[in-house]
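K.L.:
As input, take input00.cif (mmCIF, C-alpha atoms and all ligand atoms):
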```
data_query
#
loop_
_atom_site.label_atom_id
_atom_site.label_comp_id
_atom_site.auth_asym_id
_atom_site.auth_seq_id
_atom_site.Cartn_x
_atom_site.Cartn_y
_atom_site.Cartn_z
CA MET A 17 187.02 -17.99 -19.05
CA ASN A 18 186.81 -21.06 -16.86
CA ILE A 19 183.80 -20.69 -14.59
CA LEU A 20 182.62 -22.59 -11.53
CA LEU A 21 178.97 -22.26 -10.52
CA ILE A 22 177.98 -23.18 -6.96
CA GLY A 23 174.55 -24.70 -6.29
CA SER A 24 172.17 -27.44 -7.39
CA GLY A 25 168.69 -26.02 -8.00
CA ALA A 26 166.65 -24.85 -10.96
CA ARG A 27 168.05 -21.36 -10.27
CA GLU A 28 171.54 -22.72 -10.95
CA HIS A 29 170.30 -24.63 -14.02
CA ALA A 30 168.99 -21.35 -15.45
CA LEU A 31 172.29 -19.61 -14.62
CA ALA A 32 174.26 -22.49 -16.16
CA TRP A 33 172.11 -22.28 -19.32
CA LYS A 34 172.93 -18.55 -19.71
CA ILE A 35 176.60 -18.90 -18.73
CA ALA A 36 177.12 -21.85 -21.12
CA ALA A 37 175.63 -19.75 -23.95
CA SER A 38 178.22 -16.99 -23.47
CA PRO A 39 181.04 -16.77 -25.99
CA LEU A 40 183.27 -15.84 -23.04
CA THR A 41 182.83 -19.23 -21.38
CA THR A 42 185.55 -21.78 -22.12
CA ARG A 43 184.72 -24.41 -19.50
CA LEU A 44 181.86 -24.47 -17.01
CA TRP A 45 181.67 -26.64 -13.91
CA CYS A 46 178.87 -26.78 -11.38
CA ALA A 47 179.20 -28.00 -7.81
CA PRO A 48 177.28 -30.09 -6.97
CA GLY A 49 174.77 -29.57 -9.86
CA ASN A 50 171.94 -31.90 -10.93
CA ALA A 51 170.90 -34.00 -13.95
CA GLY A 52 169.65 -30.96 -15.91
CA ILE A 53 172.71 -28.84 -15.14
CA ALA A 54 174.83 -31.74 -16.43
CA GLN A 55 173.56 -30.87 -19.94
CA GLU A 56 175.22 -27.44 -19.66
CA ALA A 57 178.16 -27.95 -17.30
CA GLU A 58 180.48 -30.56 -15.85
CA CYS A 59 179.05 -31.43 -12.45
CA VAL A 60 181.57 -31.93 -9.65
CA ALA A 61 180.75 -33.54 -6.32
CA LEU A 62 182.36 -30.86 -4.13
CA ASP A 63 181.23 -30.21 -0.57
CA ILE A 64 180.38 -26.52 -0.97
CA THR A 65 180.52 -25.92 2.78
CA ASP A 66 184.22 -26.86 2.61
CA HIS A 67 185.68 -23.63 1.24
CA ALA A 68 189.23 -25.03 1.23
CA ALA A 69 188.06 -27.86 -1.05
CA VAL A 70 186.36 -25.38 -3.40
CA ILE A 71 189.53 -23.26 -3.51
CA ALA A 72 191.68 -26.34 -4.17
CA PHE A 73 189.40 -27.33 -7.07
CA CYS A 74 189.65 -23.82 -8.56
CA GLN A 75 193.43 -23.82 -8.30
CA ALA A 76 193.79 -27.31 -9.77
CA ASN A 77 191.48 -26.52 -12.72
CA GLY A 78 192.41 -22.94 -13.55
CA VAL A 79 189.00 -21.52 -12.59
CA ASP A 80 188.93 -17.77 -13.37
CA PHE A 81 185.55 -16.87 -11.92
CA VAL A 82 183.15 -18.38 -9.40
CA VAL A 83 179.42 -17.64 -9.42
CA VAL A 84 177.60 -18.45 -6.17
CA GLY A 85 173.87 -19.26 -6.42
CA PRO A 86 172.51 -19.93 -2.90
CA GLU A 87 172.61 -17.77 0.23
CA GLY A 88 174.14 -20.35 2.58
CA PRO A 89 177.70 -20.19 1.21
CA LEU A 90 177.48 -16.37 0.84
CA VAL A 91 176.49 -15.86 4.47
CA ALA A 92 179.26 -18.33 5.40
CA GLY A 93 181.80 -16.11 3.61
CA ILE A 94 182.71 -18.19 0.56
CA VAL A 95 183.33 -15.06 -1.53
CA ASP A 96 185.74 -13.64 1.10
CA ASP A 97 187.64 -16.95 1.17
CA LEU A 98 187.84 -17.28 -2.63
CA GLU A 99 188.95 -13.67 -3.10
CA ALA A 100 191.57 -14.04 -0.34
CA ALA A 101 192.94 -16.99 -2.31
CA GLY A 102 193.13 -14.81 -5.44
CA ILE A 103 190.06 -16.26 -7.15
CA LYS A 104 187.47 -13.79 -8.49
CA ALA A 105 183.98 -14.50 -7.26
CA PHE A 106 180.50 -13.07 -7.92
CA GLY A 107 178.42 -12.42 -4.83
CA PRO A 108 178.52 -10.41 -1.61
CA SER A 109 181.10 -10.73 1.13
CA ARG A 110 180.07 -12.24 4.46
CA ALA A 111 179.62 -8.73 5.90
CA ALA A 112 177.45 -7.59 2.98
CA ALA A 113 175.44 -10.84 3.03
CA ARG A 114 174.08 -9.75 6.44
CA LEU A 115 171.37 -8.02 4.39
CA GLU A 116 169.87 -11.53 4.11
CA GLY A 117 171.64 -13.26 6.99
CA SER A 118 170.29 -10.93 9.69
CA LYS A 119 166.80 -9.43 9.49
CA GLY A 120 167.65 -7.21 12.46
CA PHE A 121 170.70 -5.81 10.64
CA THR A 122 168.55 -4.89 7.63
CA ARG A 123 165.79 -3.34 9.73
CA ASP A 124 168.35 -1.23 11.66
CA LEU A 125 169.86 -0.08 8.34
CA CYS A 126 166.41 0.87 7.02
CA ARG A 127 165.58 2.80 10.18
CA ALA A 128 168.91 4.66 10.15
CA HIS A 129 168.55 5.67 6.49
CA GLY A 130 164.81 6.33 6.23
CA ILE A 131 164.18 3.38 3.90
CA PRO A 132 160.43 2.61 3.89
CA SER A 133 159.86 -0.51 6.00
CA PRO A 134 157.59 -1.58 8.88
CA ALA A 135 158.00 -0.45 12.49
CA TYR A 136 159.85 -3.19 14.41
CA GLU A 137 161.87 -4.09 17.47
CA ARG A 138 164.55 -6.75 18.14
CA PHE A 139 164.32 -9.14 21.09
CA ALA A 140 166.74 -11.53 22.75
CA ASP A 141 164.21 -12.97 25.20
CA ALA A 142 160.66 -14.27 24.94
CA ALA A 143 159.10 -12.33 27.81
CA THR A 144 159.91 -8.86 26.47
CA ALA A 145 158.95 -10.00 22.96
CA LYS A 146 155.49 -11.01 24.23
CA ALA A 147 155.06 -7.77 26.15
CA TYR A 148 155.79 -5.85 22.93
CA ILE A 149 153.26 -7.96 21.01
CA ARG A 150 150.55 -7.32 23.64
CA ALA A 151 151.28 -3.60 23.54
CA ARG A 152 151.35 -3.45 19.75
CA GLY A 153 148.38 -5.72 18.94
CA ALA A 154 147.70 -7.93 15.91
CA PRO A 155 148.10 -8.59 13.05
CA ILE A 156 151.83 -8.68 13.66
CA VAL A 157 154.81 -10.54 12.19
CA VAL A 158 157.32 -12.59 14.20
CA LYS A 159 160.65 -13.45 12.55
CA LEU A 160 163.84 -15.23 13.45
CA ASP A 161 166.83 -12.95 12.89
CA GLY A 162 168.98 -15.49 11.04
CA LEU A 163 168.64 -17.74 7.97
CA ALA A 164 165.87 -20.28 8.46
CA ALA A 165 165.20 -21.65 4.95
CA GLY A 166 161.80 -19.94 4.79
CA LYS A 167 160.64 -21.37 8.15
CA GLY A 168 161.51 -18.39 10.33
CA VAL A 169 158.54 -16.11 9.64
CA VAL A 170 155.08 -16.23 11.23
CA VAL A 171 152.43 -13.77 10.07
CA ALA A 172 150.13 -13.82 13.11
CA ALA A 173 146.47 -12.74 12.87
CA THR A 174 146.02 -12.64 16.66
CA VAL A 175 148.09 -11.78 19.72
CA ALA A 176 147.78 -15.41 20.93
CA GLU A 177 149.13 -16.70 17.62
CA ALA A 178 152.04 -14.26 17.80
CA GLU A 179 152.87 -15.30 21.37
CA ALA A 180 152.82 -18.95 20.30
CA ALA A 181 155.19 -18.04 17.43
CA VAL A 182 157.59 -16.49 19.94
CA ASP A 183 157.63 -19.77 21.88
CA SER A 184 158.19 -21.90 18.78
CA LEU A 185 160.90 -19.65 17.26
CA ALA A 186 162.67 -18.41 20.39
CA GLY A 187 165.16 -21.31 20.56
CA GLY A 188 166.52 -20.29 17.15
CA GLY A 189 168.12 -17.02 18.26
CA GLU A 190 167.16 -13.35 18.31
CA LEU A 191 163.68 -12.32 17.14
CA VAL A 192 162.48 -9.38 15.08
CA ILE A 193 158.85 -8.38 15.58
CA GLU A 194 157.37 -6.00 13.03
CA ASP A 195 154.11 -4.47 11.88
CA PHE A 196 152.02 -6.29 9.30
CA LEU A 197 152.13 -4.60 5.89
CA GLU A 198 149.21 -4.60 3.49
CA GLY A 199 149.37 -4.46 -0.27
CA GLU A 200 150.57 -6.53 -3.20
CA GLU A 201 153.91 -8.34 -2.98
CA ALA A 202 156.50 -8.06 -5.73
CA SER A 203 160.15 -8.91 -6.10
CA PHE A 204 162.71 -6.60 -7.61
CA PHE A 205 166.26 -7.46 -8.61
CA ALA A 206 169.29 -5.23 -9.07
CA LEU A 207 172.86 -6.02 -9.96
CA VAL A 208 175.24 -4.12 -7.69
CA ASP A 209 179.00 -3.52 -7.94
CA GLY A 210 179.57 -1.91 -4.55
CA GLU A 211 178.62 1.56 -5.76
CA THR A 212 176.32 1.37 -8.76
CA ALA A 213 173.02 -0.50 -8.84
CA LEU A 214 171.77 -1.63 -12.26
CA PRO A 215 168.05 -2.49 -12.21
CA LEU A 216 167.41 -5.96 -13.59
CA ALA A 217 163.73 -6.88 -13.64
CA SER A 218 160.73 -7.54 -11.45
CA ALA A 219 158.89 -10.77 -10.71
CA GLN A 220 156.10 -12.18 -8.59
CA ASP A 221 156.06 -15.63 -7.09
CA HIS A 222 153.51 -17.93 -5.50
CA LYS A 223 154.75 -19.18 -2.13
CA ARG A 224 151.78 -21.37 -1.11
CA ALA A 225 151.69 -25.02 -2.15
CA PHE A 226 148.17 -25.20 -3.58
CA ASP A 227 145.88 -23.43 -6.06
CA GLY A 228 144.25 -20.22 -4.89
CA ASP A 229 147.36 -19.43 -2.80
CA GLU A 230 146.25 -21.95 -0.17
CA GLY A 231 148.19 -24.47 1.87
CA PRO A 232 151.63 -24.40 3.47
CA ASN A 233 154.42 -22.02 2.53
CA THR A 234 157.06 -23.38 0.16
CA GLY A 235 160.25 -22.12 -1.44
CA GLY A 236 158.07 -20.97 -4.37
CA MET A 237 155.67 -22.91 -6.64
CA GLY A 238 155.88 -20.59 -9.64
CA ALA A 239 156.73 -17.09 -10.77
CA TYR A 240 156.47 -14.67 -13.65
CA SER A 241 158.35 -11.63 -14.86
CA PRO A 242 157.73 -8.75 -15.22
CA ALA A 243 155.35 -8.06 -12.33
CA PRO A 244 152.54 -5.85 -13.67
CA VAL A 245 152.43 -3.88 -10.38
CA MET A 246 156.03 -2.75 -10.99
CA SER A 247 155.35 0.05 -13.45
CA GLU A 248 158.24 2.23 -14.63
CA ALA A 249 157.29 4.86 -12.06
CA MET A 250 157.19 2.28 -9.26
CA THR A 251 160.56 0.91 -10.38
CA ARG A 252 162.04 4.41 -10.17
CA ARG A 253 160.66 4.80 -6.65
CA VAL A 254 162.04 1.44 -5.54
CA MET A 255 165.47 2.37 -6.90
CA ALA A 256 165.44 5.86 -5.36
CA GLU A 257 163.82 5.07 -2.00
CA ILE A 258 165.08 1.55 -1.27
CA VAL A 259 167.88 0.11 -3.43
CA THR A 260 170.15 3.13 -3.91
CA PRO A 261 170.10 4.25 -0.24
CA THR A 262 170.90 0.66 0.79
CA VAL A 263 173.86 0.45 -1.58
CA ARG A 264 175.16 3.82 -0.31
CA ALA A 265 174.70 2.83 3.32
CA MET A 266 176.56 -0.46 2.87
CA ALA A 267 179.48 1.33 1.17
CA ALA A 268 179.56 3.97 3.92
CA MET A 269 179.71 1.21 6.56
CA GLY A 270 182.79 -0.25 4.90
CA CYS A 271 181.04 -3.36 3.58
CA PRO A 272 180.07 -2.46 0.00
CA PHE A 273 177.48 -4.80 -1.49
CA LYS A 274 178.39 -6.66 -4.67
CA GLY A 275 176.12 -9.20 -6.29
CA VAL A 276 172.38 -9.53 -6.83
CA LEU A 277 170.22 -7.56 -4.45
CA PHE A 278 166.75 -9.13 -4.35
CA ALA A 279 164.22 -6.84 -2.67
CA GLY A 280 161.01 -8.44 -1.44
CA LEU A 281 158.52 -5.56 -1.56
CA MET A 282 155.03 -4.76 -0.40
CA ILE A 283 153.38 -2.28 -2.74
CA GLY A 284 150.79 -0.50 -0.62
CA PRO A 285 148.67 2.63 -0.96
CA GLU A 286 151.59 4.87 0.03
CA GLY A 287 154.14 3.18 -2.17
CA PRO A 288 156.74 0.46 -1.81
CA GLN A 289 158.02 -0.89 1.52
CA LEU A 290 160.83 -3.37 2.05
CA ILE A 291 159.73 -6.74 3.44
CA GLU A 292 163.16 -8.30 3.20
CA TYR A 293 166.38 -8.50 1.24
CA ASN A 294 167.95 -11.57 -0.25
CA VAL A 295 171.51 -11.39 -1.51
CA ARG A 296 171.14 -13.68 -4.52
CA PHE A 297 168.79 -14.51 -7.34
CA GLY A 298 165.44 -15.96 -6.25
CA ASP A 299 164.35 -19.48 -7.05
CA PRO A 300 162.08 -19.70 -9.11
CA GLU A 301 162.41 -15.96 -9.98
CA CYS A 302 165.85 -16.47 -11.53
CA GLN A 303 164.45 -18.87 -14.11
CA VAL A 304 162.02 -16.29 -15.51
CA LEU A 305 164.65 -13.53 -15.38
CA MET A 306 167.18 -15.59 -17.34
CA LEU A 307 164.56 -16.44 -19.95
CA ARG A 308 163.92 -12.72 -20.51
CA LEU A 309 167.57 -11.63 -20.49
CA LYS A 310 168.70 -10.98 -24.05
CA SER A 311 172.24 -9.85 -23.19
CA ASP A 312 175.17 -12.04 -22.26
CA LEU A 313 175.08 -12.67 -18.50
CA VAL A 314 178.79 -13.32 -17.99
CA PRO A 315 180.18 -9.80 -18.64
CA ALA A 316 177.46 -8.39 -16.36
CA LEU A 317 178.51 -10.66 -13.50
CA VAL A 318 182.17 -9.85 -14.09
CA ALA A 319 181.43 -6.09 -14.21
CA ALA A 320 179.59 -6.36 -10.89
CA ARG A 321 182.59 -8.13 -9.34
CA ASP A 322 185.03 -5.62 -10.83
CA GLY A 323 183.10 -2.47 -9.83
CA MET A 324 182.45 -1.57 -13.48
CA LEU A 325 178.66 -1.39 -13.74
CA ARG A 326 178.52 2.37 -14.19
CA SER A 327 178.87 2.13 -17.97
CA PHE A 328 176.95 -1.12 -18.29
CA ASP A 329 173.58 -1.88 -19.78
CA LEU A 330 171.47 -5.01 -20.26
CA ARG A 331 168.78 -5.78 -22.82
CA TRP A 332 165.62 -7.72 -22.07
CA HIS A 333 162.99 -9.51 -24.14
CA ARG A 334 159.71 -7.64 -23.84
CA GLU A 335 157.73 -10.87 -23.46
CA THR A 336 156.50 -12.27 -20.18
CA ALA A 337 158.16 -15.39 -18.81
CA LEU A 338 156.27 -17.68 -16.46
CA THR A 339 157.44 -20.77 -14.64
CA VAL A 340 155.49 -23.62 -13.04
CA VAL A 341 157.30 -25.62 -10.38
CA MET A 342 156.66 -29.37 -10.38
CA ALA A 343 157.23 -30.86 -6.94
CA ALA A 344 157.18 -34.34 -5.44
CA GLU A 345 153.82 -35.34 -3.91
CA GLY A 346 154.02 -34.41 -0.21
CA TYR A 347 156.27 -31.35 -0.61
CA PRO A 348 156.82 -29.13 1.41
CA GLY A 349 156.35 -31.94 3.93
CA SER A 350 158.00 -35.32 3.54
CA TYR A 351 158.15 -36.80 0.06
CA ARG A 352 159.59 -39.82 -1.71
CA LYS A 353 162.66 -39.85 -3.90
CA GLY A 354 163.47 -42.03 -6.89
CA SER A 355 160.32 -41.86 -9.05
CA GLU A 356 160.93 -41.70 -12.80
CA ILE A 357 160.06 -38.61 -14.86
CA LYS A 358 159.18 -39.25 -18.52
CA GLY A 359 158.24 -37.00 -21.41
CA LEU A 360 160.84 -34.31 -20.76
CA ALA A 361 162.17 -34.29 -24.33
CA ALA A 362 158.67 -33.98 -25.82
CA ALA A 363 157.87 -31.12 -23.45
CA ALA A 364 161.13 -29.30 -24.13
CA ALA A 365 160.55 -29.60 -27.92
CA LEU A 366 157.60 -27.18 -27.72
CA ASP A 367 158.12 -23.60 -28.88
CA ASN A 368 158.67 -20.91 -26.25
CA VAL A 369 159.41 -23.51 -23.57
CA GLU A 370 162.47 -24.09 -21.40
CA ILE A 371 162.71 -26.69 -18.65
CA PHE A 372 165.09 -26.29 -15.73
CA HIS A 373 165.83 -29.09 -13.28
CA ALA A 374 165.91 -28.68 -9.51
CA GLY A 375 165.97 -32.04 -7.73
CA THR A 376 166.84 -34.63 -10.38
CA THR A 377 169.44 -37.35 -10.88
CA ALA A 378 170.24 -39.35 -14.00
CA GLU A 379 170.43 -43.13 -13.74
CA GLY A 380 171.02 -45.35 -16.76
CA GLY A 381 169.42 -42.89 -19.18
CA ARG A 382 166.41 -42.29 -16.90
CA ILE A 383 165.69 -39.06 -15.01
CA LEU A 384 164.66 -39.62 -11.39
CA ALA A 385 163.20 -37.18 -8.87
CA SER A 386 165.57 -36.56 -5.97
CA GLY A 387 164.20 -33.47 -4.25
CA GLY A 388 161.08 -31.61 -3.13
CA ARG A 389 160.96 -29.07 -5.90
CA VAL A 390 161.98 -31.11 -8.94
CA LEU A 391 161.38 -29.19 -12.18
CA SER A 392 160.81 -25.59 -13.20
CA VAL A 393 158.83 -25.58 -16.43
CA CYS A 394 158.96 -22.18 -18.16
CA GLY A 395 156.98 -20.56 -20.95
CA LEU A 396 157.47 -17.29 -22.81
CA GLY A 397 154.66 -15.27 -24.42
CA ASP A 398 153.30 -11.87 -25.40
CA SER A 399 151.09 -11.77 -22.30
CA VAL A 400 151.01 -13.51 -18.94
CA ALA A 401 148.15 -15.65 -20.27
CA ALA A 402 150.21 -16.70 -23.32
CA ALA A 403 153.27 -17.47 -21.20
CA GLN A 404 151.03 -19.50 -18.88
CA ARG A 405 149.58 -21.47 -21.83
CA ALA A 406 153.08 -22.30 -23.08
CA ALA A 407 154.25 -23.46 -19.65
CA TYR A 408 151.20 -25.67 -18.99
CA ALA A 409 151.37 -27.18 -22.49
CA ALA A 410 154.83 -28.40 -21.51
CA VAL A 411 153.70 -29.52 -18.05
CA ASP A 412 150.98 -31.61 -19.73
CA ARG A 413 153.58 -33.49 -21.78
CA ILE A 414 155.52 -34.47 -18.66
CA ASP A 415 154.61 -37.93 -17.45
CA TRP A 416 155.30 -38.04 -13.72
CA PRO A 417 152.42 -39.42 -11.64
CA GLN A 418 154.34 -38.90 -8.37
CA GLY A 419 154.60 -35.15 -8.96
CA PHE A 420 152.20 -32.23 -8.65
CA CYS A 421 152.05 -28.58 -9.58
CA ARG A 422 149.70 -25.64 -9.18
CA ARG A 423 147.42 -24.99 -12.16
CA ASP A 424 146.94 -21.27 -11.51
CA ILE A 425 150.39 -19.69 -11.61
CA GLY A 426 150.01 -16.07 -12.73
CA TRP A 427 146.29 -15.80 -11.85
CA ARG A 428 146.53 -12.34 -10.35
CA ALA A 429 148.38 -10.88 -13.35
CA ILE A 430 146.04 -12.63 -15.80
CA ALA A 431 143.00 -11.19 -14.00
CA ARG A 432 144.64 -7.76 -14.30
CA GLU A 433 145.25 -8.31 -18.05
CA ARG A 434 141.56 -9.21 -18.48
CA THR A 435 140.45 -6.07 -16.64
CA VAL A 436 142.75 -3.90 -18.72
CA SER A 437 141.62 -5.40 -22.05
CA ALA A 438 137.93 -5.25 -21.01
CA GLY A 439 138.35 -1.59 -20.15
CA SER A 440 140.14 -0.62 -23.36
P1 LIG B 1 160.22 -13.22 4.39
O1 LIG B 1 160.91 -14.54 4.64
O2 LIG B 1 160.66 -12.11 5.27
O3 LIG B 1 160.10 -12.89 2.93
O4 LIG B 1 158.70 -13.49 4.77
C1 LIG B 1 157.96 -14.48 4.10
C2 LIG B 1 156.61 -13.94 3.73
O5 LIG B 1 155.93 -13.47 4.89
C3 LIG B 1 156.67 -12.74 2.81
O6 LIG B 1 156.79 -13.09 1.48
C4 LIG B 1 155.34 -12.07 3.12
O7 LIG B 1 154.29 -12.72 2.43
C5 LIG B 1 155.17 -12.33 4.58
N1 LIG B 1 155.66 -11.20 5.37
C6 LIG B 1 156.88 -11.04 5.93
N2 LIG B 1 156.97 -9.87 6.60
C7 LIG B 1 155.77 -9.26 6.46
C8 LIG B 1 155.22 -8.03 6.94
N3 LIG B 1 155.92 -7.19 7.70
N4 LIG B 1 153.94 -7.73 6.58
C9 LIG B 1 153.20 -8.59 5.83
N5 LIG B 1 153.67 -9.75 5.37
C10 LIG B 1 154.93 -10.11 5.68
N1 LIG B 2 161.45 -17.55 -4.19
C1 LIG B 2 161.93 -16.88 -3.06
C2 LIG B 2 163.37 -17.02 -2.80
O1 LIG B 2 164.15 -17.44 -3.63
O2 LIG B 2 163.78 -16.68 -1.70
#
```
Here is the file; what I need is its structure written in the form of structure tokens.

P.N.:
Amino acid sequence: MNILLIGSGAREHALAWKIAASPLTTRLWCAPGNAGIAQEAECVALDITDHAAVIAFCQANGVDFVVVGPEGPLVAGIVDDLEAAGIKAFGPSRAAARLEGSKGFTRDLCRAHGIPSPAYERFADAATAKAYIRARGAPIVVKLDGLAAGKGVVVAATVAEAEAAVDSLAGGGELVIEDFLEGEEASFFALVDGETALPLASAQDHKRAFDGDEGPNTGGMGAYSPAPVMSEAMTRRVMAEIVTPTVRAMAAMGCPFKGVLFAGLMIGPEGPQLIEYNVRFGDPECQVLMLRLKSDLVPALVAARDGMLRSFDLRWHRETALTVVMAAEGYPGSYRKGSEIKGLAAAAALDNVEIFHAGTTAEGGRILASGGRVLSVCGLGDSVAAAQRAAYAAVDRIDWPQGFCRRDIGWRAIARERTVSAGS
């Protein structure tokens, strides 16, 4: 098969690494890609917002299958446009991508189908939103309805903070205001073919920039899989109470969901609740999932597209995978581009280590940083602690003074491992 992958982050590098390893793959392109992806695929400088250009590339190069990484093109309907042109594509349609593209749509669906999620209301104007906040009290969560690249959510501790969030977000469109959920966050991924949902794996990420989960929110500074809080029993509950009813509801509405359903969960005293859906693999969660996936990824993606998951199964390594994100100094605020990263080959030569690139470019044999999140350094091990040791051993071989990373990725799971082994 000739495959085109859309995207340019470490998530797409991990996908490219798995797709390139498949015996089914004849040629693999990635648009636009990065310096790491270029080791696995032929990078093409396509404007991925120009669907006609993507279709023309597929037709000119005999592309059989397109895999879409990020949410932007999915919400913009790239899968609808490719399929209409006769090109098979992995990912949800524009209508199904509303599960990520509109928080109000997802909350309404949850309410209509009894899917555990916080009480909420939708607001088109600031005055009624503030009246609701005053009536409801704090803590409370204010969200923009649409895609906002992680900047559309304010968890407010006080009514005043929530009212200020309404003022700062209101220009961006409709608001959703919902109750604050308590518990432990976890991510859960399922592959869906419109009807059948195949559980993939769980993960936990660290969204704050600095150690101790302090500092500003980011796209994710590290992750590990599996998430210890997602026991087999909890996984069954998430499938039965959240994922399966969602898949059924989408099919019944005439917009069946195909692709990766990424459920952001809060595991509280009464069980799992849905914080949000994403309609794609997470970044950096994808990196740890791909490291643990033993089976060939390509037939799974094709089966999801073709509606053939019912008789499908995937095998996973039992080990834990953990990834540490290395970012440019200043991220998630402003940062410089163009600094050189050395030591990558020495780091990658370590056992149980895989390094995926996010924002890198190659220039005359040198690797330069060209983004905020720049590298995703992954380790594999028999425990979270062992996976963490492997990842940081690789981080320590990377010579990049202009970069930084957290030194505590996985702390919560490692503390849990210590408690369990002390108690046994
Ligand atoms: P989202 O973009 O919806 O994932 O929100 C970003 C982060 O805000 C989540 O990962 C949670 O940490 C937090 N968050 C969002 N909604 C809630 C909620 N209803 N209760 C508690 N925390 C929330
Ligand atoms: N790491 C969270 C996300 O990909 O949305």

K.L.:
Could you check how far atom CA of Glu356 of chain A sits from atom CA of Leu384 of chain A, in Å to one decimal?

P.N.:
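Between atom CA of Glu356 of chain A and atom CA of Leu384 of chain A the gap works out to 4.5 Å.
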
K.L.:
Using all atoms listed in the file, can you tell me which of A:Met246, A:Ala180, A:Cys271, A:Leu277 comes closest to ligand LIG 2 (chain B)?

P.N.:
A:Leu277

K.L.:
Atom CA of Gln418 of chain A and atom CA of Ile430 of chain A are how many Å apart?

P.N.:
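Distance between the two atoms: 28.5 Å.
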
K.L.:
Using all atoms listed in the file, which of A:Gly189, A:Pro232, A:Gly49, A:Pro244 sits nearest ligand LIG 1 (chain B)?

P.N.:
A:Pro232

K.L.:
Could you list, as a list of chain:residue names, every residue within 12 Å of segment 141-144 of chain A, counting all atoms listed in the file and ignoring same-chain residues fewer than 2 positions away?

P.N.:
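Surrounding residues, per the criterion: A:Glu137, A:Arg138, A:Phe139, A:Lys146, A:Ala147, A:Tyr148, A:Ile149, A:Arg150, A:Ala151, A:Val158, A:Leu160, A:Ala178, A:Glu179, A:Ala180, A:Ala181, A:Val182, A:Asp183, A:Ser184, A:Leu185, A:Ala186, A:Gly187, A:Gly188, A:Gly189, A:Glu190, A:Leu191, A:Val192, A:Ile193.
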
K.L.:
Go through the chains and note each residue within 6 Å of ligand LIG 1 (chain B), using only C-alpha atoms and all ligand atoms, then give the set as a list of chain:residue names.

P.N.:
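Here is the list of contacting residues: A:Pro134, A:Val157, A:Gly166, A:Val169, A:Glu194, A:Asp195, A:Phe196, A:Leu197, A:Ile291, A:Glu292.
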
K.L.:
Excluding Gly323 of chain A and residues on its chain fewer than 6 positions from it, collect all residues at most 8 Å away from it, counting all atoms listed in the file, and give them as a count of residues only.

P.N.:
4

K.L.:
Please determine, counting only C-alpha atoms, which residue among A:Gly117, A:Gly162, A:Gly381, A:Gly23 has the shortest atom-to-atom distance to Cys59 of chain A.

P.N.:
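For Cys59 of chain A, the nearest of the candidates is A:Gly23.
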
K.L.:
Identify the residues around (168.8, -8.5, -22.6) within a radius of 6 Å, measuring from all atoms listed in the file in the coordinates stated by the file, and give them as number ranges by chain.

P.N.:
A: 309-311, 330-332

K.L.:
Give me, as a PyMOL selection string, all polymer residues having an atom no more than 9 Å from Cys126 of chain A, counting all atoms listed in the file and skipping those fewer than 3 positions away in the same chain.

P.N.:
chain A and resi 121-123+129-133+258+261-262+290

K.L.:
Report, in Å to a single decimal, how far apart atom CA of Ala100 of chain A and atom CA of Leu20 of chain A are.

P.N.:
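Atom-to-atom, atom CA of Leu20 of chain A to atom CA of Ala100 of chain A, that is 16.7 Å.
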
K.L.:
Counting only C-alpha atoms, which residue out of A:Ala173, A:Val208, A:Val314, A:Ala361 sits closest to Met17 of chain A?

P.N.:
A:Val314

K.L.:
Within 8 Å of (186.1, -27.5, -5.3) in the file's own coordinates, which protein, DNA or RNA residues have an atom, counting all atoms listed in the file? List them as a count of residues only.

P.N.:
13

K.L.:
Kindly indicate which residue among A:Ala51, A:Val170, A:Ala401, A:Val263 lies nearest to Arg382 of chain A, using only C-alpha atoms for the distances.

P.N.:
A:Ala51

K.L.:
Compile the contact shell of Val340 of chain A as a ChimeraX atom specification: residues with an atom at most 8 Å away, counting all atoms listed in the file, same-chain residues fewer than 5 positions apart removed.

P.N.:
/A:237-239,392-394,407-408,411,421-422,425

K.L.:
If we count only C-alpha atoms and set the cut-off at 10 Å, which residues sit around segment 350-354 of chain A, ignoring sequence neighbours fewer than 3 positions away in its own chain? Please answer as a list in words.

P.N.:
Ala343, Ala344, Glu345, Gly346, Tyr347, Ile357, Gly375, Thr376, Thr377, Glu379, Ile383, Leu384, Ala385, Ser386, Gly387, Gly388, Gln418 and Gly419 of chain A

K.L.:
Given only C-alpha atoms as the basis, pick out the residue of A:Leu207, A:Val245, A:Val436, A:Ala362 nearest to Phe328 of chain A.

P.N.:
A:Leu207
